[in-house]
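Novice: final_38.txt is the file, holding compact mmCIF, C-alpha atoms:
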# COMPACT_ATOMS: atom_id res chain seq x y z
CA MET W 1 59.70 27.88 23.09
CA LYS W 2 60.75 31.35 24.19
CA TYR W 3 63.54 30.22 26.50
CA LEU W 4 64.75 27.35 24.35
CA ASP W 5 65.21 29.74 21.44
CA GLU W 6 68.09 31.28 23.40
CA TYR W 7 69.77 27.92 23.45
CA ARG W 8 72.08 27.01 20.61
CA ASP W 9 70.63 23.52 20.25
CA GLY W 10 67.08 24.88 20.19
CA ARG W 11 66.19 22.92 17.05
CA ILE W 12 67.14 19.59 18.63
CA ALA W 13 65.34 20.58 21.82
CA ARG W 14 62.14 21.33 19.91
CA ALA W 15 62.36 17.99 18.09
CA LEU W 16 62.79 16.15 21.41
CA MET W 17 59.86 18.06 22.91
CA ALA W 18 57.67 17.07 19.95
CA GLU W 19 58.69 13.43 20.31
CA ILE W 20 57.86 13.49 24.04
CA ALA W 21 54.41 14.88 23.17
CA ARG W 22 53.93 12.17 20.53
CA ARG W 23 54.95 9.30 22.82
CA ALA W 24 53.13 10.38 26.01
CA THR W 25 49.59 9.01 25.93
CA ARG W 26 48.98 9.14 29.68
CA PRO W 27 49.99 11.39 32.59
CA TRP W 28 53.41 10.64 34.08
CA VAL W 29 55.12 12.15 37.12
CA LEU W 30 58.91 12.30 36.77
CA MET W 31 61.52 13.51 39.24
CA GLU W 32 64.95 14.94 38.59
CA ILE W 33 67.15 14.19 41.58
CA CYS W 34 69.92 16.73 41.19
CA GLY W 35 69.58 20.42 42.02
CA GLY W 36 71.74 21.35 39.03
CA GLN W 37 69.18 19.66 36.78
CA THR W 38 66.36 21.52 38.55
CA HIS W 39 68.14 24.79 37.79
CA THR W 40 68.43 23.97 34.06
CA LEU W 41 64.75 22.94 33.85
CA MET W 42 63.72 26.27 35.38
CA ARG W 43 66.20 28.39 33.43
CA PHE W 44 64.89 27.11 30.10
CA GLY W 45 61.26 26.70 31.17
CA ILE W 46 61.35 23.04 30.14
CA ASP W 47 58.89 21.93 32.82
CA GLU W 48 56.31 24.41 31.52
CA MET W 49 56.73 23.38 27.88
CA LEU W 50 56.25 19.66 28.41
CA PRO W 51 52.95 18.23 27.13
CA PRO W 52 50.06 18.35 29.59
CA GLY W 53 50.29 15.34 31.86
CA VAL W 54 54.07 15.00 31.88
CA GLU W 55 54.88 16.60 35.20
CA MET W 56 58.33 17.26 36.68
CA VAL W 57 58.74 17.25 40.43
CA HIS W 58 62.01 18.22 42.03
CA GLY W 59 64.03 15.87 44.19
CA PRO W 60 66.24 16.12 47.24
CA GLY W 61 69.53 16.43 45.32
CA CYS W 62 70.72 19.75 46.67
CA PRO W 63 73.26 19.05 49.44
CA VAL W 64 72.77 22.47 50.99
CA CYS W 65 69.03 21.79 51.24
CA VAL W 66 69.18 18.39 52.96
CA THR W 67 71.96 19.06 55.50
CA PRO W 68 70.13 18.72 58.83
CA LEU W 69 69.60 21.72 61.05
CA GLU W 70 71.60 20.24 63.92
CA ILE W 71 74.73 19.93 61.76
CA ILE W 72 74.39 23.64 60.90
CA ASP W 73 74.04 24.35 64.63
CA LYS W 74 77.17 22.26 65.31
CA ALA W 75 79.11 24.20 62.67
CA ILE W 76 77.94 27.47 64.23
CA ASP W 77 78.97 26.25 67.70
CA ILE W 78 82.44 25.21 66.50
CA ALA W 79 82.97 28.37 64.43
CA SER W 80 82.18 30.54 67.45
CA ARG W 81 85.06 29.12 69.49
CA PRO W 82 88.39 30.95 69.84
CA GLY W 83 91.31 29.60 67.82
CA VAL W 84 89.03 27.92 65.25
CA THR W 85 88.85 28.67 61.54
CA LEU W 86 85.74 27.08 60.03
CA VAL W 87 85.96 26.58 56.29
CA SER W 88 83.15 25.59 53.91
CA TYR W 89 81.47 26.10 50.55
CA GLY W 90 79.89 29.53 50.11
CA ASP W 91 76.25 28.41 50.11
CA MET W 92 76.59 26.80 53.53
CA LEU W 93 77.21 30.15 55.21
CA ARG W 94 73.71 31.36 54.41
CA VAL W 95 71.77 28.31 55.57
CA PRO W 96 69.73 29.31 58.62
CA GLY W 97 70.55 27.41 61.81
CA SER W 98 68.21 27.36 64.79
CA HIS W 99 69.16 30.90 65.86
CA GLN W 100 71.64 32.32 63.34
CA ASP W 101 73.70 31.44 60.27
CA LEU W 102 77.47 31.21 59.74
CA PHE W 103 77.61 34.68 58.14
CA GLN W 104 76.35 36.10 61.43
CA VAL W 105 79.07 34.18 63.29
CA LYS W 106 81.58 35.76 60.90
CA ALA W 107 80.06 39.24 61.42
CA ASN W 108 80.41 38.72 65.18
CA GLY W 109 84.14 38.04 64.87
CA GLY W 110 84.20 34.30 64.16
CA ASP W 111 86.79 33.15 61.63
CA VAL W 112 84.66 31.65 58.85
CA ARG W 113 86.12 31.25 55.36
CA ILE W 114 84.67 30.26 52.00
CA VAL W 115 86.52 27.88 49.71
CA TYR W 116 85.78 26.20 46.43
CA SER W 117 87.76 23.08 47.32
CA PRO W 118 88.64 21.14 50.50
CA THR W 119 92.31 21.20 49.43
CA GLU W 120 92.33 24.95 50.07
CA ALA W 121 91.30 24.27 53.69
CA LEU W 122 94.14 21.75 53.95
CA LYS W 123 96.64 24.29 52.64
CA PHE W 124 95.39 26.86 55.12
CA ALA W 125 95.88 24.35 57.97
CA ARG W 126 99.46 23.64 56.88
CA ALA W 127 100.23 27.36 56.74
CA ASN W 128 98.55 28.17 60.08
CA PRO W 129 99.61 25.52 62.62
CA GLY W 130 98.39 27.72 65.49
CA ARG W 131 94.76 27.54 64.36
CA GLN W 132 92.32 24.61 64.47
CA VAL W 133 91.03 24.39 60.91
CA VAL W 134 87.65 22.67 60.60
CA PHE W 135 86.30 21.82 57.17
CA PHE W 136 82.51 21.69 57.11
CA ALA W 137 82.01 18.91 54.55
CA VAL W 138 78.61 18.34 53.00
CA GLY W 139 77.61 16.85 49.68
CA PHE W 140 76.57 13.75 47.78
CA GLU W 141 78.76 11.05 46.26
CA THR W 142 80.21 13.59 43.80
CA THR W 143 81.73 15.64 46.61
CA ALA W 144 82.60 12.91 49.12
CA PRO W 145 85.78 11.65 47.35
CA ALA W 146 87.24 15.17 47.31
CA ASN W 147 86.54 15.61 51.02
CA ALA W 148 87.88 12.10 51.69
CA MET W 149 91.08 12.98 49.87
CA ALA W 150 91.64 16.01 52.13
CA VAL W 151 91.33 13.85 55.28
CA TRP W 152 93.46 11.10 53.77
CA GLN W 153 96.23 13.63 53.02
CA ALA W 154 95.95 15.21 56.49
CA LYS W 155 96.44 11.78 58.11
CA ARG W 156 99.35 10.89 55.87
CA GLU W 157 101.05 14.20 56.71
CA GLY W 158 100.25 13.88 60.43
CA LEU W 159 98.48 17.26 60.51
CA LYS W 160 97.28 17.96 64.04
CA ASN W 161 95.18 21.07 63.36
CA PHE W 162 92.84 19.86 60.60
CA SER W 163 89.49 18.16 61.15
CA MET W 164 86.19 17.67 59.36
CA LEU W 165 82.56 18.11 60.32
CA ALA W 166 81.17 15.65 57.81
CA SER W 167 77.53 15.30 56.74
CA HIS W 168 77.62 13.34 53.51
CA VAL W 169 74.51 11.82 51.98
CA LEU W 170 73.87 9.13 49.36
CA VAL W 171 71.35 9.24 46.50
CA PRO W 172 70.10 5.61 46.18
CA PRO W 173 68.84 5.35 49.81
CA ALA W 174 66.97 8.64 49.35
CA ILE W 175 65.25 7.30 46.22
CA ARG W 176 64.38 4.15 48.17
CA ALA W 177 62.86 6.28 50.96
CA LEU W 178 60.82 8.36 48.47
CA LEU W 179 59.50 5.24 46.72
CA SER W 180 58.64 3.56 50.03
CA SER W 181 56.39 6.42 51.13
CA PRO W 182 52.64 5.82 50.80
CA ARG W 183 52.39 9.38 49.42
CA ASN W 184 54.87 8.76 46.61
CA ARG W 185 53.77 10.14 43.21
CA VAL W 186 57.00 9.62 41.25
CA GLN W 187 56.91 7.08 38.39
CA GLY W 188 60.33 7.65 36.86
CA PHE W 189 63.63 9.27 37.85
CA ILE W 190 66.28 11.27 36.03
CA GLY W 191 69.43 10.00 37.76
CA PRO W 192 72.11 12.47 38.88
CA GLY W 193 74.76 12.68 36.15
CA HIS W 194 77.71 13.75 38.24
CA VAL W 195 76.96 11.45 41.18
CA CYS W 196 76.96 8.61 38.63
CA THR W 197 80.14 9.93 36.99
CA VAL W 198 81.78 9.06 40.31
CA MET W 199 79.74 6.02 41.42
CA GLY W 200 78.59 4.48 38.15
CA TYR W 201 75.02 3.16 38.03
CA ARG W 202 75.23 -0.41 39.32
CA GLU W 203 73.44 0.60 42.57
CA TYR W 204 70.41 1.82 40.63
CA GLU W 205 69.77 -1.65 39.22
CA GLU W 206 68.91 -2.82 42.75
CA LEU W 207 66.30 -0.06 43.07
CA ILE W 208 64.69 -1.18 39.84
CA ARG W 209 64.51 -4.80 40.98
CA GLU W 210 62.90 -3.62 44.21
CA PHE W 211 60.43 -1.02 42.90
CA ARG W 212 60.14 -1.55 39.11
CA VAL W 213 60.66 2.13 38.37
CA PRO W 214 62.60 3.41 35.35
CA ILE W 215 65.74 5.46 36.02
CA VAL W 216 67.62 7.34 33.28
CA VAL W 217 70.98 8.84 34.27
CA GLY W 218 70.92 12.33 32.77
CA GLY W 219 73.21 15.27 32.07
CA PHE W 220 72.67 18.93 32.80
CA GLU W 221 72.03 20.66 29.48
CA PRO W 222 68.51 21.24 28.13
CA VAL W 223 68.98 18.60 25.42
CA ASP W 224 70.28 16.10 28.01
CA LEU W 225 67.23 16.59 30.20
CA LEU W 226 64.77 16.43 27.31
CA GLU W 227 66.40 13.25 26.04
CA ALA W 228 66.27 11.73 29.54
CA ILE W 229 62.58 12.68 29.86
CA LEU W 230 61.87 11.10 26.47
CA MET W 231 63.71 7.90 27.45
CA LEU W 232 61.64 7.72 30.66
CA VAL W 233 58.34 8.34 28.84
CA VAL W 234 59.16 5.64 26.27
CA GLN W 235 60.02 3.14 29.03
CA LEU W 236 56.83 3.96 30.94
CA GLU W 237 54.62 3.76 27.84
CA GLU W 238 56.17 0.40 26.93
CA GLY W 239 55.81 -0.89 30.49
CA ARG W 240 59.58 -1.26 30.95
CA ALA W 241 61.62 -0.41 34.06
CA GLU W 242 65.35 -0.30 33.39
CA VAL W 243 68.42 1.78 34.13
CA GLU W 244 69.50 3.65 31.04
CA ASN W 245 72.37 6.08 30.65
CA GLN W 246 71.69 9.25 28.69
CA TYR W 247 74.88 11.01 29.92
CA VAL W 248 77.27 8.59 28.21
CA ARG W 249 79.90 11.24 27.58
CA SER W 250 80.67 11.40 31.32
CA VAL W 251 79.11 8.34 32.99
CA THR W 252 80.29 4.72 32.77
CA TYR W 253 78.76 1.65 34.39
CA GLU W 254 81.63 1.32 36.88
CA GLY W 255 82.11 5.05 37.53
CA ASN W 256 85.37 6.67 38.62
CA LEU W 257 87.33 3.92 40.38
CA PRO W 258 90.16 6.06 41.87
CA ALA W 259 87.53 8.34 43.45
CA GLN W 260 85.55 5.37 44.82
CA LYS W 261 88.75 3.91 46.30
CA VAL W 262 89.63 6.96 48.43
CA LEU W 263 85.97 7.37 49.41
CA ALA W 264 85.87 3.79 50.74
CA GLU W 265 89.23 4.19 52.47
CA VAL W 266 88.10 7.21 54.54
CA PHE W 267 84.30 6.93 54.88
CA GLU W 268 81.85 4.20 55.86
CA VAL W 269 78.09 4.04 55.36
CA CYS W 270 76.03 5.31 58.31
CA ASP W 271 72.43 6.20 59.13
CA ARG W 272 71.83 9.87 58.41
CA LYS W 273 69.16 12.45 59.11
CA TRP W 274 68.11 14.57 56.13
CA ARG W 275 66.64 18.03 56.49
CA GLY W 276 63.01 17.70 55.48
CA LEU W 277 63.06 13.92 55.04
CA GLY W 278 64.07 12.79 58.54
CA GLY W 279 66.25 9.81 59.32
CA ILE W 280 67.07 7.36 56.51
CA ALA W 281 68.91 4.11 57.24
CA GLU W 282 72.35 3.70 55.64
CA SER W 283 71.93 6.96 53.70
CA GLY W 284 75.10 8.80 54.69
CA LEU W 285 78.85 8.60 55.03
CA ALA W 286 80.83 9.05 58.25
CA LEU W 287 84.57 8.99 58.92
CA ARG W 288 85.92 5.50 59.64
CA ALA W 289 87.31 4.78 63.13
CA GLU W 290 90.89 5.02 61.75
CA TYR W 291 90.17 8.69 61.00
CA ALA W 292 88.58 9.52 64.39
CA ASP W 293 91.39 12.01 65.12
CA PHE W 294 90.04 14.10 62.24
CA ASP W 295 86.38 14.01 63.32
CA ALA W 296 85.42 17.54 64.40
CA ASP W 297 82.17 16.30 65.95
CA ARG W 298 84.25 14.17 68.37
CA ILE W 299 87.08 16.69 68.90
CA PHE W 300 84.73 19.56 69.78
CA GLY W 301 82.22 17.38 71.67
CA THR W 302 79.18 18.42 69.64
CA GLN W 303 77.67 14.92 69.23
CA GLY W 304 74.77 15.73 71.55
CA VAL W 305 73.48 18.79 69.65
CA THR W 306 69.89 18.36 68.41
CA ALA W 307 67.46 20.77 66.75
CA GLU W 308 63.85 21.04 65.60
CA GLU W 309 63.04 22.35 62.13
CA PRO W 310 60.80 25.44 61.81
CA ALA W 311 57.17 24.42 61.33
CA GLU W 312 56.33 27.00 58.68
CA CYS W 313 58.76 25.71 56.02
CA ILE W 314 57.19 23.03 53.76
CA SER W 315 60.55 21.99 52.28
CA ALA W 316 60.00 18.40 53.46
CA GLU W 317 57.06 18.10 51.07
CA VAL W 318 58.84 19.97 48.26
CA LEU W 319 61.92 17.72 48.49
CA GLN W 320 59.74 14.61 48.16
CA GLY W 321 57.80 15.91 45.16
CA TRP W 322 54.48 16.18 47.01
CA ARG W 323 54.16 19.95 46.63
CA LYS W 324 55.70 22.74 44.54
CA PRO W 325 57.58 25.71 46.04
CA THR W 326 54.77 28.00 44.91
CA ASP W 327 52.35 26.04 47.13
CA CYS W 328 54.08 27.41 50.22
CA PRO W 329 52.36 30.40 51.85
CA ALA W 330 55.75 31.85 52.80
CA PHE W 331 57.22 31.53 49.28
CA ALA W 332 58.45 34.89 47.91
CA THR W 333 56.88 36.70 50.86
CA ARG W 334 58.40 35.77 54.21
CA CYS W 335 60.90 33.43 52.52
CA THR W 336 63.23 34.85 49.83
CA PRO W 337 66.86 34.15 48.86
CA GLU W 338 67.85 37.27 50.83
CA ASN W 339 66.01 36.06 53.93
CA PRO W 340 65.50 32.29 53.61
CA LEU W 341 63.28 30.41 56.04
CA GLY W 342 64.39 27.05 54.73
CA ALA W 343 67.41 25.64 52.94
CA PRO W 344 65.87 25.11 49.44
CA MET W 345 65.67 28.91 49.19
CA VAL W 346 69.40 29.30 49.93
CA SER W 347 71.32 27.53 47.20
CA SER W 348 70.79 28.29 43.51
CA GLU W 349 70.35 24.53 43.17
CA GLY W 350 67.46 24.49 45.65
CA ALA W 351 64.02 24.14 44.07
CA CYS W 352 62.59 27.17 45.92
CA ALA W 353 65.48 29.44 44.91
CA ALA W 354 65.22 28.26 41.28
CA TYR W 355 61.48 28.98 41.22
CA TYR W 356 62.13 32.39 42.76
CA GLN W 357 64.97 33.28 40.39
CA TYR W 358 62.88 32.47 37.33
CA ARG W 359 59.82 34.26 38.68
CA ARG W 360 57.50 31.28 38.73
CA HIS W 361 55.47 32.95 41.49
CA LEU W 362 54.60 35.76 39.10
CA ALA W 363 53.68 33.46 36.22
CA THR W 364 51.50 30.92 38.04
CA ALA W 365 48.86 31.12 40.73
CA PRO W 366 49.67 29.26 43.97
CA GLY W 367 48.95 25.59 43.50
CA GLY W 368 49.25 25.82 39.71
CA ARG W 369 51.92 24.23 37.58
CA MET P 1 78.19 23.70 45.23
CA CYS P 2 76.98 20.55 43.53
CA LEU P 3 77.82 21.81 40.08
CA ALA P 4 80.72 20.55 38.04
CA ILE P 5 82.46 22.90 35.65
CA PRO P 6 84.50 22.01 32.57
CA GLY P 7 87.92 23.61 32.26
CA LYS P 8 91.19 23.28 30.35
CA ILE P 9 94.39 22.00 31.96
CA LEU P 10 97.17 24.57 31.44
CA THR P 11 99.99 23.02 33.51
CA ILE P 12 100.54 19.98 35.74
CA GLU P 13 102.87 19.63 38.77
CA GLU P 14 103.35 17.42 41.83
CA GLN P 15 102.40 19.01 45.18
CA ASN P 16 102.65 16.94 48.39
CA ASN P 17 102.61 13.75 46.26
CA VAL P 18 99.38 14.81 44.56
CA ARG P 19 99.05 15.57 40.85
CA ILE P 20 97.78 19.16 40.63
CA GLY P 21 96.71 20.89 37.44
CA ARG P 22 96.25 24.58 36.86
CA VAL P 23 92.82 24.61 35.17
CA GLN P 24 91.31 27.49 33.24
CA PHE P 25 87.62 28.34 33.57
CA GLY P 26 86.93 31.22 31.22
CA GLY P 27 88.86 34.19 32.61
CA ILE P 28 90.04 32.58 35.84
CA THR P 29 92.22 29.63 36.80
CA ARG P 30 92.10 27.30 39.80
CA GLU P 31 94.32 24.54 41.15
CA THR P 32 92.67 21.19 40.51
CA CYS P 33 93.54 17.74 41.82
CA LEU P 34 93.98 15.28 38.93
CA ASP P 35 94.33 12.09 41.01
CA PHE P 36 90.85 10.88 40.03
CA CYS P 37 91.70 11.40 36.33
CA PRO P 38 95.23 9.98 36.09
CA GLU P 39 94.98 9.88 32.30
CA ALA P 40 94.46 13.67 31.99
CA GLU P 41 97.26 15.64 30.33
CA VAL P 42 98.08 19.30 29.63
CA GLY P 43 95.64 20.65 27.04
CA ASP P 44 92.86 18.21 28.01
CA TYR P 45 89.43 19.34 29.16
CA VAL P 46 88.13 17.96 32.44
CA ILE P 47 84.91 18.28 34.44
CA VAL P 48 85.87 19.74 37.81
CA HIS P 49 83.88 19.44 41.02
CA VAL P 50 85.09 21.19 44.22
CA GLY P 51 88.64 21.29 42.91
CA PHE P 52 88.82 17.70 41.68
CA ALA P 53 88.67 16.54 38.06
CA ILE P 54 86.07 13.72 37.91
CA SER P 55 86.03 12.99 34.17
CA ARG P 56 87.64 13.97 30.91
CA VAL P 57 85.52 15.49 28.12
CA ASP P 58 86.17 16.72 24.60
CA ARG P 59 86.69 20.38 23.84
CA GLU P 60 83.39 21.00 22.09
CA GLU P 61 81.44 19.48 24.96
CA ALA P 62 83.44 21.48 27.50
CA GLU P 63 82.87 24.79 25.73
CA ARG P 64 79.15 24.17 25.27
CA SER P 65 78.68 23.18 28.89
CA TYR P 66 80.75 26.12 30.16
CA ALA P 67 78.73 28.61 28.10
CA LEU P 68 75.54 27.18 29.56
CA LEU P 69 76.74 27.52 33.16
CA GLU P 70 77.91 31.05 32.41
CA SER P 71 74.49 31.96 31.00
CA MET P 72 72.86 30.67 34.18
CA GLY P 73 75.05 32.98 36.26
CA VAL P 74 76.23 30.24 38.61
CA LEU P 75 79.98 30.21 38.00
CA GLU P 76 80.95 33.01 40.34
CA ALA P 77 79.37 31.40 43.40
CA GLU P 78 80.78 28.00 42.51
CA LEU P 79 84.38 29.23 42.16
CA GLN P 80 84.23 31.66 45.09
CA SER P 81 87.11 31.35 47.57
CA ASP P 82 88.55 33.36 50.46
CA LEU P 83 91.69 31.21 50.51
CA GLU P 84 92.65 30.93 46.86
CA ASP P 85 96.39 30.64 46.16
CA LEU P 86 97.72 30.85 49.69
Please, can you express the file's structure as structure tokens?

Specialist:
Amino acid sequence: MKYLDEYRDGRIARALMAEIARRATRPWVLMEICGGQTHTLMRFGIDEMLPPGVEMVHGPGCPVCVTPLEIIDKAIDIASRPGVTLVSYGDMLRVPGSHQDLFQVKANGGDVRIVYSPTEALKFARANPGRQVVFFAVGFETTAPANAMAVWQAKREGLKNFSMLASHVLVPPAIRALLSSPRNRVQGFIGPGHVCTVMGYREYEELIREFRVPIVVGGFEPVDLLEAILMLVVQLEEGRAEVENQYVRSVTYEGNLPAQKVLAEVFEVCDRKWRGLGGIAESGLALRAEYADFDADRIFGTQGVTAEEPAECISAEVLQGWRKPTDCPAFATRCTPENPLGAPMVSSEGACAAYYQYRRHLATAPGGR
Amino acid sequence: MCLAIPGKILTIEEQNNVRIGRVQFGGITRETCLDFCPEAEVGDYVIVHVGFAISRVDREEAERSYALLESMGVLEAELQSDLEDL
């Protein structure tokens, strides 16, 4: 309980851990979807303190990690052109493309800027009418409404120098793809708390009808995750498969309706390729035809760009819960956060970076838990 | 970038027909769109993701969650910006 002792609710956490141990009579494989949850599990060593048999595998819920290589290459192409300012979230600049990353474009004189919000990119476009401002928009359902709002405002204002390279992805189709795989090991899911803050959890009921797998929407603190794990173990032991909401202080059944409204106004569901997972039907969001004037992919003619992922990176198997980061021969040797081979080593929410940060490669032999 | 950070609303104003709050995260403040939380008022705590408030939380919850994110050393990267306050 070394790590949990640093946590102010350590007593509650220990009680939850004991209850999980008491209730779990068989081995269960559980997956947390969201990269923020992965980070908390690693930071507090929760996965290592669970009773033997209750195994956590880490899902594809890090947007930086699943953005396909060709979209990175498109962003690099666009950012390298004169008169363009490419704007994105900080992590995206370090994701390796086929030949370079966006930081290298910046070092070579490209105008690449980091923002914490798409509204900053919009402001920059208003203030710099002579530059083509392209917002590189990635993210799950949590992020999509914010990016939608920026495009919606740009259209309303008639901005001519703002566009978006959008690569949004959706959680429920990814869960469906994982569960449909013959190699699937996952028996229960911790649902993504902030995705569900926006979208609610109606969509997850369909997954349960289809696959009979329990899903507990969870928060991001150690106690949240332990409670969600306990709720999953209890469901599994009792043979139930339901959607339950552990993160009640932020998540409602309907979700955030104003956010859903602007999302639906600007984006429509599309097929999307995921880095590591490949193409998944109806798993992404693309700009609607009414917003085609703001589609950077169309404006800059990059639709035809394709790319092959490097063979050495096993992130595809990590993101589906088949293998752990420490199973990768390149982990912590040829692939580090300073020099990432694959995207899960880039973002602090990526499973590989979380394992690296908390020194799992020094604590466990390759292949071990 | 998929984290959401709780902060306290210090002021609220209209900018380009959008309700914008100045939100405090520990020692720094950031402009935050409040259109997805129309009920939020000055003094409230909200969970903010990429500059948009997505839900309202109570103070105790906000402080606990903020302290946790701070201890994980992830706030700086999340709030990083080259274009802040143009």

Novice: Could you give me, as a ChimeraX atom specification, the residues within 10 Å of W:Ala177, counting all atoms listed in the file and dropping anything in the same chain fewer than 2 positions from it?

Specialist: /W:172-175,179-181,184,277,279-281,283,320

Novice: Please build the interface table for chain P against chain W with a cut-off of 9 Å, listing for each qualifying residue the nearest atom pair and the distance in Å to one decimal; count all atoms listed in the file, order rows by chain and increasing number, and write it as a tab-separated table.

Specialist:
residue	atom	partner	partner_atom	distance
P:Met1	CA	W:Tyr89	CA	6.7
P:Cys2	CA	W:Gly36	CA	7.0
P:Leu3	CA	W:Gly36	CA	6.2
P:Ala4	CA	W:His194	CA	7.4
P:Asn16	CA	W:Gln153	CA	8.6
P:Thr32	CA	W:Ser117	CA	8.6
P:Cys33	CA	W:Thr119	CA	8.4
P:Asp35	CA	W:Pro258	CA	7.4
P:Phe36	CA	W:Pro258	CA	5.2
P:Cys37	CA	W:Pro258	CA	7.8
P:Pro38	CA	W:Pro258	CA	8.6
P:Ile47	CA	W:Ser250	CA	8.7
P:His49	CA	W:Thr143	CA	7.1
P:Val50	CA	W:Ser117	CA	4.5
P:Gly51	CA	W:Ser117	CA	4.8
P:Phe52	CA	W:Ala146	CA	6.4
P:Ile54	CA	W:Val198	CA	6.8
P:Ser55	CA	W:Ser250	CA	6.3
P:Arg56	CA	W:Ser250	CA	7.4
P:Val57	CA	W:Arg249	CA	7.1
P:Asp58	CA	W:Arg249	CA	8.8
P:Glu61	CA	W:Arg249	CA	8.8
P:Arg64	CA	W:Arg8	CA	8.9
P:Ser65	CA	W:Glu221	CA	7.1
P:Leu68	CA	W:Glu221	CA	7.4
P:Met72	CA	W:Arg43	CA	7.1
P:Val74	CA	W:Ser348	CA	7.6
P:Ala77	CA	W:Gly90	CA	7.0
P:Glu78	CA	W:Tyr116	CA	6.6
P:Leu79	CA	W:Tyr116	CA	5.4
P:Gln80	CA	W:Tyr116	CA	5.8
P:Ser81	CA	W:Val115	CA	4.1
P:Asp82	CA	W:Ile114	CA	5.2
P:Leu83	CA	W:Val115	CA	6.2
P:Glu84	CA	W:Glu120	CA	6.8
P:Asp85	CA	W:Glu120	CA	8.0
P:Leu86	CA	W:Phe124	CA	7.1

Novice: With 6 Å of padding per side, what axis-aligned box (centre and edge lengths, Å, one decimal) covers all the listed atoms of stretch 70-78 of chain P? Give it as lines of an AutoDock Vina configuration file.

Specialist:
center_x = 76.9
center_y = 30.5
center_z = 37.2
size_x = 20.1
size_y = 17.0
size_z = 24.4

Novice: Could you jot down the atom CA of W:Glu242 to atom CA of W:Ala13 separation for me, Å, one decimal place?

Specialist: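 Answer for the atom CA of W:Glu242 to atom CA of W:Ala13 separation: 23.9 Å.
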
Novice: Kindly indicate which residue among W:Gly109, W:Leu236, W:Leu263, W:Val223 lies nearest to W:Ala150, using all atoms listed in the file for the distances.

Specialist: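 Closest to W:Ala150, using all atoms listed in the file: W:Leu263.
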
Novice: Which is closest to W:Arg360 among W:Ala228, W:Leu122, W:Ala15, W:Met42, if we use only C-alpha atoms?

Specialist: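 Using only C-alpha atoms, W:Arg360 sits closest to W:Met42.
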